[in-house]
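Note sheet for the following structure.
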Amino acid sequence: MQQLFNFFIKNKTFFLFLMLFSIAISLTVQSHQFHRSKLLNSSNHIIAGIYAASNSVSQYFHLVKENQLLLEENSRLKSEQFNRKRDLSFDSIMEKTYRLITGVVYKNSYTQATNYLTLNKGLRDSVKEDYGVITSKGIVGVIDKTSTKYSRVLSILNTNSRINVKLKNTKHFGTLTWDTKSADIVQLKDIQELVKIAVGDSVITSGFSSIFPANVPVGTINSFRLNDTKDLYVIDVKLFNDMTNLEHVYIIKNTDINELENLNEFDE
Amino acid sequence: MNNIIFLNIMRFLGLLFLQVLICSNINFMGYINPHIYLLFILLYPTSNNRLTFIFCSFLIGFIIDVFLDSGGTHAAASVLIAYLRPLFLKFSFGAAYDYQVIKFSNTDFTQRLIYFSSMIAIHHFVLFFLVVFNQNQILLIIKYALYSSAFTLLLCLLFTSLFSNKRV
């Protein structure tokens with residue numbers, strides 16, 4: 001026993017190293033899986049607070065561009081409103097199903113394999129996990145962690161991200177993933193080889209999940225090839241959003257989410 | 001003595017915030033970021049308690065991980081080079097290290113270059129290996145590690161010459 005203690009004391013540096021190193025490795029392994037440690041991420045109160053302070057300075061640099069975007073969106077919405085046909089009954093149902101909450105991006109990354117954003121809205125603003133996040137141009141990601149005042153978004157530029165989308169022309173649907181190579185190109189998989197596709201076709205959300213409503217723009221087809229087994233396409237989709245430069249976003253709250261989830265439970 | 005502790009605490013906090021608020025947002029050529037916080041590990045006094053040193057290195061890497069949502073990658077790489085540091089010190093500075101009297105500002109530039117570049121290269125290789133976490137993309141890892149370590153090395157050398165204190 002004495003010798004055992006002596007051995008530990010003699011090699012204490014090595015054991016400390018081993019312990020800390022294995023903690024770090026286990027955290028890394030955990031981060032490569034979908035569900036992350038609850039406390040230690042950037043929606044943590046202190047960490048997000050520091051990002052908030054930093055953002056309160058840096059947001060002034062983007063004011064001109066943000067105003068431009070808002071003007072563009074306003075003009076588009078106005079023209080939609082003026083050209084609207086008289087069938088309001090369907091739209092009034094839609095308005096109740098999806099509610100939009102505006103948010104500001106405090107932290108954004110796009111160079112790693114697993115990218116996350118931090119937003120300034122949290123449980124206090126009734127933002128919960130699995131709410132979709134979009135901008136006026138296209139989709140951004142899905143909320144995966146929330147604290148009282150902040151929330152973290154699993155970006156579509158994340159190897160763990162899986163979002164159901166469809167082709168606008170043919171209505172065939174597939175899964176949107178990311179291969180980490182470029183911040184403006186994502187991959188659409190699981191489209192059958194017999195589907196006719198062309199470069200430049202639009203890709204939109206399918207609306208099958210309760211996260212995103214249907215027809216939110218995603219991007220256009222940049223190039224496509226068959227996969228190794230020659231039966232499915234791997235399609236490179238160029239995003240409408242510039243993911244490197246996000247400031248104001250909309251969080252989509254689906255008020256029917258519980259009802260839809262209950263319905264799916266019956267299915268299984 | 002207290003002066004040295006104070007200096008290292010300031011260096012810890014200063015480099016930490018410099019890293020998370022500025023250096024990690026540079027994204028030169030799309031993905032090249034300098035990891036300037038390594039300067040804390042590189043310049044930590046050589047006559048130290050190794051347990052404290054390894055723990056401090058873990059801490060700075062870990063806090064950066066929490067900020068950047070990168071799991072434990074920075075912490076693992078930092079702990080590794082902190083543990084291996086005596087090896088590199090002996091390799092780069094030779095006899096001077098045996099007497100534990102190294103003052104980084106007084107050392108030869110070539111020796112300092114060898115010490116910095118070897119430590120930074122190891123750190124970046126481990127870091128990007130853990131970030132990508134896929135041995136099929138080894139070329140990608142080497143590319144990232146090489147470019148980023150060149151950037152880090154440049155900034156570290158600039159910083160040390162900028163803040164070198166000749167009187168000490």
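In the structure tokens, each chain is lettered A, B, ... as it comes, each chain's residues begin at 1, and ligands are numbered from 1 in order of appearance.
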- Message: Applying 7 Å and only C-alpha atoms, which residues near segment 231-243 of chain A remain after dropping the ones on its own chain fewer than 6 positions away? List them as a ChimeraX atom specification.
- Response: /A:137-138,183-193,218-225
- Test item, alpha helix (DSSP H) assignment across segment 13-58 of chain B, answer as a ChimeraX atom specification: /B:13-17,38-43,50-58
Go ahead and dump the residues you just picked, C-alpha atoms, as a JSON list (two decimals), in the first residue's frame.
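And here's out09.json as it stands now:
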```json
[["chain", "number", "residue", "atom", "x", "y", "z"],
["B", 13, "LEU", "CA", -6.77, 37.11, -18.90],
["B", 14, "GLY", "CA", -5.40, 39.40, -21.60],
["B", 15, "LEU", "CA", -4.53, 36.60, -24.01],
["B", 16, "LEU", "CA", -7.83, 34.83, -23.29],
["B", 17, "PHE", "CA", -9.94, 37.82, -24.29],
["B", 38, "LEU", "CA", -0.30, 29.78, -26.65],
["B", 39, "LEU", "CA", 2.01, 32.62, -25.65],
["B", 40, "PHE", "CA", 0.84, 32.08, -22.07],
["B", 41, "ILE", "CA", 2.08, 28.47, -22.13],
["B", 42, "LEU", "CA", 5.24, 29.33, -24.07],
["B", 43, "LEU", "CA", 6.33, 32.16, -21.77],
["B", 50, "ARG", "CA", 4.65, 21.68, -12.83],
["B", 51, "LEU", "CA", 1.26, 20.75, -11.38],
["B", 52, "THR", "CA", 0.12, 24.39, -11.27],
["B", 53, "PHE", "CA", 1.49, 24.96, -14.75],
["B", 54, "ILE", "CA", -0.32, 21.99, -16.30],
["B", 55, "PHE", "CA", -3.52, 22.96, -14.54],
["B", 56, "CYS", "CA", -3.30, 26.59, -15.71],
["B", 57, "SER", "CA", -2.73, 25.41, -19.28],
["B", 58, "PHE", "CA", -5.77, 23.18, -19.05]]
```
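Distance criterion 6 Å to chain A, applied with only C-alpha atoms, yields B:Tyr31, B:Leu51, B:Val66, B:Phe67, B:Asp69, B:Gly71, B:Gly72, B:Thr73, B:Ala75, B:Ala76 on chain B.
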Might you pull out every residue within 6 Å of segment 139-147 of chain A, with only C-alpha atoms counted and same-chain residues fewer than 6 positions away left off, and present them as a CSV table (one decimal) with C-alpha atoms, in the first residue's frame?
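selection_26.csv, freshly written:
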```csv
chain,number,residue,atom,x,y,z
A,122,GLY,CA,-34.0,32.5,-24.4
A,129,GLU,CA,-35.3,23.9,-28.2
A,130,ASP,CA,-36.2,22.6,-31.7
A,131,TYR,CA,-37.4,26.0,-32.9
A,132,GLY,CA,-36.2,26.9,-36.4
A,133,VAL,CA,-34.1,30.0,-37.1
A,153,VAL,CA,-28.4,27.5,-32.6
A,154,LEU,CA,-27.1,24.4,-34.3
A,155,SER,CA,-26.1,26.0,-37.6
A,156,ILE,CA,-26.8,24.2,-40.9
A,218,VAL,CA,-32.7,27.4,-48.8
```
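Across segment 201-231 of chain A, DSSP run on the backbone finds strand (DSSP E or B) at Ser202, Val203, Ile204, Thr205, Pro217, Val218, Gly219, Thr220, Ile221, Asn222, Ser223, Phe224, Arg225 and Leu226 of chain A.
Here the question is which of B:Met119, B:Ile9, B:Leu21, B:Leu157 gets nearest to Ile60 of chain B using only C-alpha atoms, and that residue is B:Ile9.
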- Show which residues sit within 10 Å of Lys121 of chain A, as a ChimeraX atom specification. Count only C-alpha atoms, and ignore same-chain residues fewer than 2 positions away. /A:43,101-105,118-119,123-128,146-152,251
- Distance in Å - atom CA of Ala121 of chain B versus atom CA of Gln19 of chain B: 18.0 Å
